[in-house]
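Dumped query_37.txt below, it's compact mmCIF, C-alpha atoms and all ligand atoms:
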# COMPACT_ATOMS: atom_id res chain seq x y z
CA MET A 158 0.68 -18.48 -1.27
CA LYS A 159 1.53 -17.01 -4.69
CA TRP A 160 -0.96 -17.01 -7.54
CA THR A 161 -0.21 -16.89 -11.27
CA PRO A 162 -1.93 -14.01 -13.11
CA GLU A 163 -4.13 -16.53 -14.96
CA ALA A 164 -5.22 -18.10 -11.67
CA GLU A 165 -6.03 -14.66 -10.20
CA ALA A 166 -8.05 -13.79 -13.32
CA ALA A 167 -9.99 -17.07 -13.08
CA LEU A 168 -10.78 -16.44 -9.42
CA LYS A 169 -12.27 -13.07 -10.34
CA GLN A 170 -14.86 -14.93 -12.44
CA VAL A 171 -16.10 -16.83 -9.39
CA PRO A 172 -19.30 -15.29 -7.92
CA PHE A 173 -18.22 -12.77 -5.30
CA PHE A 174 -20.22 -14.33 -2.46
CA VAL A 175 -18.25 -17.57 -2.64
CA ARG A 176 -14.93 -16.14 -3.86
CA LYS A 177 -13.35 -15.99 -0.44
CA ARG A 178 -14.20 -19.58 0.32
CA VAL A 179 -13.00 -20.76 -3.09
CA ARG A 180 -9.70 -18.89 -2.61
CA ALA A 181 -9.16 -20.54 0.77
CA ARG A 182 -10.01 -23.96 -0.64
CA VAL A 183 -7.70 -23.55 -3.63
CA GLU A 184 -4.81 -22.52 -1.41
CA ASN A 185 -5.41 -25.34 1.06
CA GLU A 186 -5.57 -27.93 -1.69
CA ALA A 187 -2.45 -26.57 -3.41
CA HIS A 188 -0.65 -26.54 -0.07
CA ASP A 189 -1.74 -30.13 0.67
CA ALA A 190 -0.35 -31.09 -2.73
CA GLY A 191 3.02 -29.64 -1.65
CA ARG A 192 2.97 -26.56 -3.85
CA ASP A 193 3.57 -22.91 -3.00
CA ARG A 194 2.06 -21.49 -6.19
CA VAL A 195 -1.54 -21.61 -7.39
CA THR A 196 -2.08 -22.17 -11.12
CA LEU A 197 -5.12 -21.92 -13.38
CA ALA A 198 -5.50 -25.72 -13.28
CA ASP A 199 -5.68 -25.61 -9.47
CA VAL A 200 -8.46 -23.02 -9.58
CA LYS A 201 -10.50 -24.94 -12.13
CA ALA A 202 -10.17 -28.25 -10.29
CA THR A 203 -11.16 -26.76 -6.94
CA GLN A 204 -13.96 -24.71 -8.45
CA ALA A 205 -15.48 -27.79 -10.07
CA ARG A 206 -15.32 -29.74 -6.81
CA TYR A 207 -16.72 -26.79 -4.87
CA LEU A 208 -19.69 -26.12 -7.10
CA SER A 209 -20.62 -29.79 -7.48
CA GLY A 210 -20.61 -30.11 -3.69
CA MET A 211 -22.44 -26.83 -3.02
CA GLN A 212 -25.07 -28.43 -0.78
CA SER A 213 -22.43 -29.77 1.58
CA GLU A 214 -20.66 -26.38 1.69
CA ILE A 215 -23.70 -24.46 2.95
CA ARG A 216 -23.51 -23.88 6.69
CA GLY A 217 -26.40 -21.45 7.20
CA TYR A 218 -24.33 -18.32 7.65
CA GLN A 219 -21.47 -16.41 6.08
CA LEU A 220 -19.04 -14.59 8.31
CA ASP A 221 -16.42 -12.40 6.65
CA THR A 222 -13.71 -10.11 7.87
CA CYS A 223 -11.57 -7.49 6.23
CA PHE A 224 -7.81 -8.02 5.88
CA GLY A 225 -7.11 -6.15 9.10
CA PRO A 226 -5.94 -9.20 11.04
CA SER A 227 -3.37 -9.89 8.29
CA GLY A 228 -1.53 -6.74 9.30
CA CYS A 229 -3.38 -3.80 7.75
CA PRO A 230 -1.94 -0.60 9.30
CA ASN A 231 -5.34 1.13 9.23
CA ARG A 232 -6.98 -0.97 11.91
CA ALA A 233 -8.95 1.10 14.40
CA VAL A 234 -9.66 -1.96 16.55
CA LEU A 235 -8.41 -5.50 16.98
CA SER A 236 -11.57 -7.48 16.31
CA GLU A 237 -10.31 -11.04 16.84
CA SER A 238 -12.05 -11.45 20.18
CA LEU A 239 -15.39 -10.16 18.87
CA LEU A 240 -15.03 -12.27 15.73
CA ALA A 241 -14.72 -15.43 17.84
CA ARG A 242 -17.80 -14.44 19.86
CA VAL A 243 -19.83 -13.65 16.73
CA GLU A 244 -18.92 -17.03 15.27
CA THR A 245 -19.93 -18.78 18.50
CA VAL A 246 -23.34 -17.07 18.46
CA LEU A 247 -23.90 -17.87 14.78
CA LYS A 248 -22.96 -21.52 15.30
CA ALA A 249 -25.18 -21.81 18.38
CA ALA A 250 -28.13 -20.43 16.38
CA ASP A 251 -27.91 -23.54 14.16
CA LEU A 252 -29.01 -21.59 11.13
CA LEU A 253 -28.44 -24.56 8.85
CA SER A 254 -31.14 -26.63 10.59
CA PHE A 255 -33.37 -23.56 10.69
CA LEU A 256 -33.01 -22.97 6.95
CA LYS A 257 -33.54 -26.64 6.15
CA SER A 258 -36.81 -26.50 8.07
CA ARG A 259 -38.00 -23.37 6.29
CA VAL A 260 -36.69 -23.34 2.73
CA PRO A 261 -38.67 -25.38 0.24
CA GLY A 262 -36.25 -27.25 -2.04
CA ASP A 263 -32.45 -27.09 -2.08
CA LEU A 264 -30.56 -24.62 0.02
CA LYS A 265 -28.43 -22.10 -1.86
CA PHE A 266 -25.69 -19.77 -0.71
CA HIS A 267 -28.02 -16.83 -1.09
CA HIS A 268 -30.21 -18.18 1.72
CA GLU A 269 -27.42 -17.84 4.28
CA PHE A 270 -27.39 -15.17 6.99
CA ARG A 271 -24.51 -12.74 6.37
CA ALA A 272 -22.35 -11.01 8.91
CA THR A 273 -19.09 -9.19 8.48
CA LEU A 274 -16.48 -7.34 10.49
CA ALA A 275 -14.32 -4.48 9.20
CA ASP A 276 -11.60 -3.12 11.45
CA CYS A 277 -11.91 0.49 10.32
CA PRO A 278 -14.35 2.80 8.47
CA ASN A 279 -12.76 1.94 5.11
CA ALA A 280 -15.12 -1.02 5.37
CA CYS A 281 -13.28 -3.32 2.97
CA SER A 282 -15.50 -6.29 3.86
CA GLN A 283 -18.62 -4.43 2.66
CA PRO A 284 -20.67 -4.18 5.86
CA GLN A 285 -23.14 -1.94 4.03
CA ILE A 286 -24.56 -4.90 2.08
CA LYS A 287 -24.69 -7.53 4.83
CA ASP A 288 -27.46 -8.51 7.23
CA ILE A 289 -25.25 -7.25 10.03
CA GLY A 290 -22.09 -5.25 9.37
CA ILE A 291 -19.73 -4.39 12.21
CA ILE A 292 -17.15 -1.61 11.82
CA GLY A 293 -14.32 -0.88 14.22
CA ALA A 294 -14.13 2.63 15.68
CA ALA A 295 -11.46 4.47 17.66
CA VAL A 296 -12.82 7.69 19.10
CA PRO A 297 -10.31 10.56 19.35
CA GLU A 298 -10.30 12.96 22.26
CA THR A 299 -8.14 15.94 23.06
CA THR A 300 -6.13 15.86 26.27
CA ASN A 301 -4.30 18.44 28.38
CA GLU A 302 -0.96 17.61 26.75
CA ALA A 303 0.47 20.65 24.96
CA CYS A 304 0.03 20.71 21.19
CA SER A 305 3.19 21.36 19.18
CA GLN A 306 1.14 22.68 16.21
CA CYS A 307 2.88 20.16 13.94
CA GLY A 308 -0.24 19.75 11.77
CA ALA A 309 0.10 15.98 11.48
CA CYS A 310 -3.45 15.39 12.71
CA THR A 311 -5.10 17.72 10.19
CA GLU A 312 -3.02 16.21 7.39
CA SER A 313 -3.98 12.69 8.38
CA CYS A 314 -7.71 13.36 8.51
CA VAL A 315 -9.29 12.75 5.11
CA GLU A 316 -12.66 13.80 6.54
CA GLN A 317 -11.34 17.29 7.29
CA ALA A 318 -12.73 16.86 10.77
CA ILE A 319 -9.86 18.57 12.60
CA ALA A 320 -9.42 22.31 12.75
CA THR A 321 -6.17 23.81 13.99
CA ALA A 322 -6.65 26.07 17.00
CA GLU A 323 -4.81 29.10 18.34
CA GLU A 324 -1.28 28.47 19.52
CA GLY A 325 -1.33 26.71 22.86
CA ASP A 326 -4.83 25.27 22.39
CA PRO A 327 -5.55 21.72 21.25
CA PRO A 328 -7.17 21.33 17.81
CA ARG A 329 -10.94 21.05 17.56
CA ILE A 330 -12.45 17.77 16.38
CA ASP A 331 -15.75 17.98 14.53
CA THR A 332 -17.61 14.94 15.86
CA GLN A 333 -20.21 15.18 13.09
CA ARG A 334 -17.56 14.71 10.43
CA CYS A 335 -15.31 12.31 12.34
CA LEU A 336 -15.62 8.65 11.32
CA ASN A 337 -13.53 7.42 14.26
CA CYS A 338 -10.83 5.90 12.11
CA GLY A 339 -8.15 6.66 14.69
CA GLN A 340 -5.55 7.99 12.22
CA CYS A 341 -5.10 11.28 14.05
CA ILE A 342 -4.47 9.41 17.30
CA ARG A 343 -1.69 7.41 15.68
CA VAL A 344 0.14 10.40 14.20
CA CYS A 345 -0.03 12.81 17.14
CA PRO A 346 3.49 12.94 18.63
CA THR A 347 2.53 14.71 21.84
CA GLY A 348 -0.52 12.82 23.01
CA THR A 349 -2.66 15.93 22.59
CA ILE A 350 -5.05 13.71 20.64
CA ALA A 351 -5.53 10.36 22.31
CA GLU A 352 -7.94 7.50 22.10
CA GLY A 353 -11.05 8.24 24.16
CA TRP A 354 -12.50 4.77 23.71
CA ARG A 355 -12.86 2.16 21.05
CA GLY A 356 -15.74 -0.02 19.99
CA PHE A 357 -17.93 -0.96 17.07
CA ARG A 358 -20.44 0.70 14.80
CA VAL A 359 -23.28 -1.61 13.74
CA GLN A 360 -25.12 -1.52 10.43
CA LEU A 361 -28.22 -3.63 9.81
CA GLY A 362 -30.25 -4.88 6.89
CA GLY A 363 -28.04 -4.35 3.83
CA ARG A 364 -28.45 -6.46 0.71
CA LEU A 365 -27.68 -6.71 -3.01
CA GLY A 366 -29.83 -8.63 -5.49
CA ARG A 367 -32.92 -7.48 -7.35
CA HIS A 368 -33.86 -4.88 -4.79
CA PRO A 369 -30.58 -3.69 -3.29
CA ARG A 370 -30.51 -1.61 -0.15
CA LEU A 371 -27.70 -0.24 1.96
CA ALA A 372 -27.69 -1.17 5.63
CA ARG A 373 -28.73 1.45 8.18
CA GLU A 374 -26.39 2.29 11.01
CA LEU A 375 -27.59 2.23 14.60
CA PRO A 376 -26.65 5.46 16.36
CA GLY A 377 -23.67 5.04 18.66
CA ILE A 378 -20.57 2.99 19.23
CA PHE A 379 -20.96 -0.30 21.06
CA ASN A 380 -18.70 -2.48 23.13
CA GLU A 381 -18.32 -6.21 22.45
CA ASP A 382 -21.11 -7.26 24.81
CA GLN A 383 -23.56 -4.79 23.31
CA THR A 384 -22.62 -5.82 19.77
CA ILE A 385 -23.29 -9.44 20.63
CA GLU A 386 -26.66 -8.47 22.15
CA ILE A 387 -27.60 -6.71 18.91
CA LEU A 388 -26.57 -9.75 16.89
CA GLN A 389 -28.69 -12.00 19.10
CA ALA A 390 -31.68 -9.69 18.69
CA CYS A 391 -31.22 -9.81 14.90
CA LEU A 392 -31.16 -13.61 14.95
CA GLU A 393 -34.27 -13.71 17.13
CA LEU A 394 -36.15 -11.43 14.75
CA TYR A 395 -34.91 -13.44 11.76
CA LYS A 396 -35.94 -16.81 13.16
CA THR A 397 -39.33 -15.52 14.27
CA ARG A 398 -40.22 -13.95 10.94
CA SER A 399 -38.47 -15.92 8.21
CA ARG A 400 -41.14 -18.39 7.14
CA ARG A 401 -39.62 -19.65 3.89
CA GLY A 402 -36.00 -18.61 4.29
CA GLU A 403 -36.46 -14.91 3.48
CA ARG A 404 -33.29 -12.96 4.19
CA PHE A 405 -33.00 -10.89 7.36
CA ALA A 406 -32.39 -7.86 5.17
CA HIS A 407 -35.83 -8.32 3.61
CA LEU A 408 -37.52 -8.75 6.98
CA PHE A 409 -35.85 -5.90 8.83
CA GLN A 410 -38.15 -2.91 8.37
CA ASP A 411 -37.80 0.76 9.25
CA SER A 412 -40.00 0.19 12.31
CA ASP A 413 -37.55 -2.52 13.46
CA PHE A 414 -34.68 -0.09 13.03
CA ASP A 415 -36.53 2.39 15.23
CA ASP A 416 -37.21 -0.32 17.79
CA PHE A 417 -33.55 -1.41 17.83
CA SER A 418 -32.46 2.21 18.17
CA ARG A 419 -34.65 2.67 21.24
CA ARG A 420 -33.61 -0.67 22.69
CA PHE A 421 -29.87 -0.46 22.21
CA CYS A 422 -29.16 3.24 21.96
CA GLY A 423 -31.90 4.78 24.05
CA THR A 424 -32.64 6.89 20.98
CA ASP A 425 -36.07 8.02 19.86
CA ILE A 426 -36.09 8.30 16.09
S1 LIG A 501 -11.37 -2.21 6.60
FE1 LIG A 501 -9.66 -0.94 7.32
S2 LIG A 501 -8.45 -2.32 8.63
FE2 LIG A 501 -9.77 -3.59 7.34
S3 LIG A 501 -8.52 -4.11 5.54
FE3 LIG A 501 -9.76 -2.29 5.04
S4 LIG A 501 -8.40 -0.57 5.49
FE4 LIG A 501 -7.56 -2.35 6.57
S1 LIG A 502 -10.53 9.72 13.95
FE1 LIG A 502 -10.20 9.81 11.72
S2 LIG A 502 -11.96 10.92 10.95
FE2 LIG A 502 -11.90 11.32 13.14
S3 LIG A 502 -10.76 13.23 13.37
FE3 LIG A 502 -9.28 11.54 13.55
S4 LIG A 502 -8.47 11.21 11.49
FE4 LIG A 502 -10.35 12.43 11.30
S1 LIG A 503 -2.72 17.65 18.15
FE1 LIG A 503 -0.88 16.41 17.89
S2 LIG A 503 -0.74 15.98 15.69
FE2 LIG A 503 -2.21 17.68 15.95
S3 LIG A 503 -1.00 19.52 15.66
FE3 LIG A 503 -1.03 19.10 17.88
S4 LIG A 503 0.78 17.84 18.26
FE4 LIG A 503 0.47 17.83 16.03
Same coordinates, now as structure tokens:
Amino acid sequence: MKWTPEAEAALKQVPFFVRKRVRARVENEAHDAGRDRVTLADVKATQARYLSGMQSEIRGYQLDTCFGPSGCPNRAVLSESLLARVETVLKAADLLSFLKSRVPGDLKFHHEFRATLADCPNACSQPQIKDIGIIGAAVPETTNEACSQCGACTESCVEQAIATAEEGDPPRIDTQRCLNCGQCIRVCPTGTIAEGWRGFRVQLGGRLGRHPRLARELPGIFNEDQTIEILQACLELYKTRSRRGERFAHLFQDSDFDDFSRRFCGTDI
């Protein structure tokens, strides 16, 4: 759906935490009206309807993704399957009823539990400021295939995590620097660098607002089942401790991070 520059500018004025929903609503309503172009009038009409009906729009959680599924070439993972599972867990938790039972007065968008998926470490969906942020990871490994010394891997790595080796040897990957974006895997023409495994990094407890804090990342890379287990543990902690609708990010303390690290990563902090 095309947008006029005025419509795009108006959308930028919408608070960021509802912008995605407003954009989707505007496009749906313009489409239903038989148009293929969104104008300023469309944005204003939808925005007015959206804000006046805010109570009915609140569903207890916000689940965002990056634009990876729309065809971004940087994807380290295909997260569609995990996304569906995350949504199922969030729906089953019935966070709307939970919030209604805990929050005095009207519910607002800022009460909702926030989760997001990003398909690579570029993290376009801002996992660092969500209650739970999930980031796709493709872990590179060197194989026995001969390296042609083409240099494509070192050029592709913006983290400077790959050092060229002596002729005949595979390059060395610095695992401390590597962010598991998978770019080097994609560009290697010989298979000398291949995907070892893929999974998800998990960051917990990020927030904006009056006391912003970046999420902390659990050590390790998790498969889908483990990621879902972590999400369920977050929801359990949240529902146990949130007495008046306090955000997970406010409740999740350093001691909880240590506990999660031991539980899910076998790591003593
Ligand atoms: S997070 Fe990565 S895969 Fe997703 S839109 Fe951004 S660059 Fe593309
Ligand atoms: S996966 Fe990404 S960060 Fe890691 S070595 Fe390859 S290009 Fe560099
Ligand atoms: S590992 Fe692959 S991309 Fe890197 S120099 Fe060797 S052949 Fe080229």
### Task
Choose the residue, out of A:Gly191, A:Gly339, A:Pro369, A:Pro328, that has the smallest atom-to-atom separation from ligand LIG 501 (chain A); count only C-alpha atoms and all ligand atoms.
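Nearest candidate to ligand LIG 501 (chain A) out of A:Gly191, A:Gly339, A:Pro369, A:Pro328: A:Gly339.
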### Shell of 12 Å around Val246 in chain A, all atoms listed in the file, local chain residues under 6 positions omitted, as a list in words
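Everything that qualifies: Tyr218, Leu220, Leu239, Leu240, Leu252, Ala272, Asp382, Thr384, Ile385, Glu386, Ile387, Leu388, Gln389, Ala390, Cys391, Leu392 and Glu393 of chain A.
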Residue subset to file, keeping C-alpha atoms, as a compact mmCIF listing (two decimals), keeping the file's coordinate frame:
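Once written, part.txt looks like this:
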# COMPACT_ATOMS: atom_id res chain seq x y z
CA TYR A 218 -24.33 -18.32 7.65
CA LEU A 220 -19.04 -14.59 8.31
CA LEU A 239 -15.39 -10.16 18.87
CA LEU A 240 -15.03 -12.27 15.73
CA LEU A 252 -29.01 -21.59 11.13
CA ALA A 272 -22.35 -11.01 8.91
CA ASP A 382 -21.11 -7.26 24.81
CA THR A 384 -22.62 -5.82 19.77
CA ILE A 385 -23.29 -9.44 20.63
CA GLU A 386 -26.66 -8.47 22.15
CA ILE A 387 -27.60 -6.71 18.91
CA LEU A 388 -26.57 -9.75 16.89
CA GLN A 389 -28.69 -12.00 19.10
CA ALA A 390 -31.68 -9.69 18.69
CA CYS A 391 -31.22 -9.81 14.90
CA LEU A 392 -31.16 -13.61 14.95
CA GLU A 393 -34.27 -13.71 17.13
### Task
Give as number ranges by chain the residues surrounding ligand LIG 503 (chain A) up to a distance of 10 Å, considering all atoms listed in the file.
A: 298-300, 302-313, 319-322, 324-330, 340-351
#### Entry: Point-to-point distance in Å for CA of Val296 in chain A and CA of Cys335 in chain A
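Going from CA of Cys335 in chain A over to CA of Val296 in chain A covers 8.6 Å.
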### Query
Using all atoms listed in the file, which residue out of A:Pro297, A:Pro172, A:Gly225, A:Gly217 lies closest to ligand LIG 502 (chain A)?
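Between A:Pro297, A:Pro172, A:Gly225, A:Gly217, the residue approaching ligand LIG 502 (chain A) most closely is A:Pro297.
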If you take all atoms listed in the file and a cut-off of 9 Å, which residues of chain A touch ligand LIG 501 (chain A), and what are their nearest atom pairs and distances in Å to one decimal, in chain and number order, as a Markdown table?
| residue | atom | partner | partner_atom | distance |
| --- | --- | --- | --- | --- |
| A:Thr222 | CA | A:LIG501 | FE2 | 7.6 |
| A:Cys223 | CA | A:LIG501 | FE2 | 4.4 |
| A:Phe224 | CA | A:LIG501 | S3 | 4.0 |
| A:Gly225 | CA | A:LIG501 | S2 | 4.1 |
| A:Pro226 | CA | A:LIG501 | S2 | 7.7 |
| A:Ser227 | CA | A:LIG501 | S3 | 8.2 |
| A:Gly228 | CA | A:LIG501 | FE4 | 7.9 |
| A:Cys229 | CA | A:LIG501 | FE4 | 4.6 |
| A:Pro230 | CA | A:LIG501 | FE4 | 6.5 |
| A:Asn231 | CA | A:LIG501 | S2 | 4.7 |
| A:Arg232 | CA | A:LIG501 | S2 | 3.8 |
| A:Ala233 | CA | A:LIG501 | S2 | 6.7 |
| A:Val234 | CA | A:LIG501 | S2 | 8.0 |
| A:Leu235 | CA | A:LIG501 | S2 | 8.9 |
| A:Leu274 | CA | A:LIG501 | S1 | 8.2 |
| A:Ala275 | CA | A:LIG501 | S1 | 4.5 |
| A:Asp276 | CA | A:LIG501 | S2 | 4.3 |
| A:Cys277 | CA | A:LIG501 | FE1 | 4.0 |
| A:Pro278 | CA | A:LIG501 | FE1 | 6.1 |
| A:Asn279 | CA | A:LIG501 | S1 | 4.6 |
| A:Ala280 | CA | A:LIG501 | S1 | 4.1 |
| A:Cys281 | CA | A:LIG501 | FE3 | 4.2 |
| A:Ser282 | CA | A:LIG501 | S1 | 6.4 |
| A:Gln283 | CA | A:LIG501 | S1 | 8.5 |
| A:Ile292 | CA | A:LIG501 | S1 | 7.8 |
| A:Gly293 | CA | A:LIG501 | S2 | 8.2 |
| A:Cys338 | CA | A:LIG501 | FE1 | 8.4 |
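Considering the residues A:Val195, A:Tyr207, A:Gln219, A:Arg355 and counting all atoms listed in the file, ligand LIG 502 (chain A) has its shortest atom-to-atom contact with A:Arg355.
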### Query
Taking only C-alpha atoms and all ligand atoms into account, which of A:Phe379, A:Glu316, A:Cys422, A:Leu408 comes nearest ligand LIG 502 (chain A)?
A:Glu316
### Query
What is the distance, in Å and to one decimal place, between CA of Asp411 in chain A and CA of Leu371 in chain A?
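These atoms are spaced 12.5 Å apart.
Take CA of Lys265 in chain A and CA of Ala190 in chain A: the distance between them is 29.5 Å.
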### Task
Measuring atom to atom with only C-alpha atoms and all ligand atoms, identify which of A:Phe255, A:Trp354, A:Phe266, A:Trp160 is nearest to ligand LIG 502 (chain A).
A:Trp354
### Task
Kindly indicate which residue among A:Leu197, A:Ala372, A:Ala318, A:Leu264 lies nearest to Glu163 in chain A, using only C-alpha atoms for the distances.
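Among the listed residues, the smallest separation from Glu163 in chain A belongs to A:Leu197.
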Box centre and edge lengths (Å, one decimal), axis-aligned, range 379-384 of chain A plus 5 Å each side, as JSON:
{"center_x": -20.9, "center_y": -3.8, "center_z": 22.3, "size_x": 15.2, "size_y": 17.0, "size_z": 15.0}
### Message
Which residues are close to Gly290 in chain A, i.e. within 6 Å by all atoms listed in the file, leaving aside same-chain residues fewer than 2 positions away? Reply as a ChimeraX atom specification.
### Response
/A:272-273,284,287,359-360
Could the residues in this selection be written to a file with C-alpha atoms, as a PDB file, keeping the file's coordinate frame?
ATOM      1  CA  ALA A 272     -22.350 -11.010   8.910  1.00  0.00           C
ATOM      2  CA  THR A 273     -19.090  -9.190   8.480  1.00  0.00           C
ATOM      3  CA  PRO A 284     -20.670  -4.180   5.860  1.00  0.00           C
ATOM      4  CA  LYS A 287     -24.690  -7.530   4.830  1.00  0.00           C
ATOM      5  CA  VAL A 359     -23.280  -1.610  13.740  1.00  0.00           C
ATOM      6  CA  GLN A 360     -25.120  -1.520  10.430  1.00  0.00           C
TER       7      GLN A 360
END
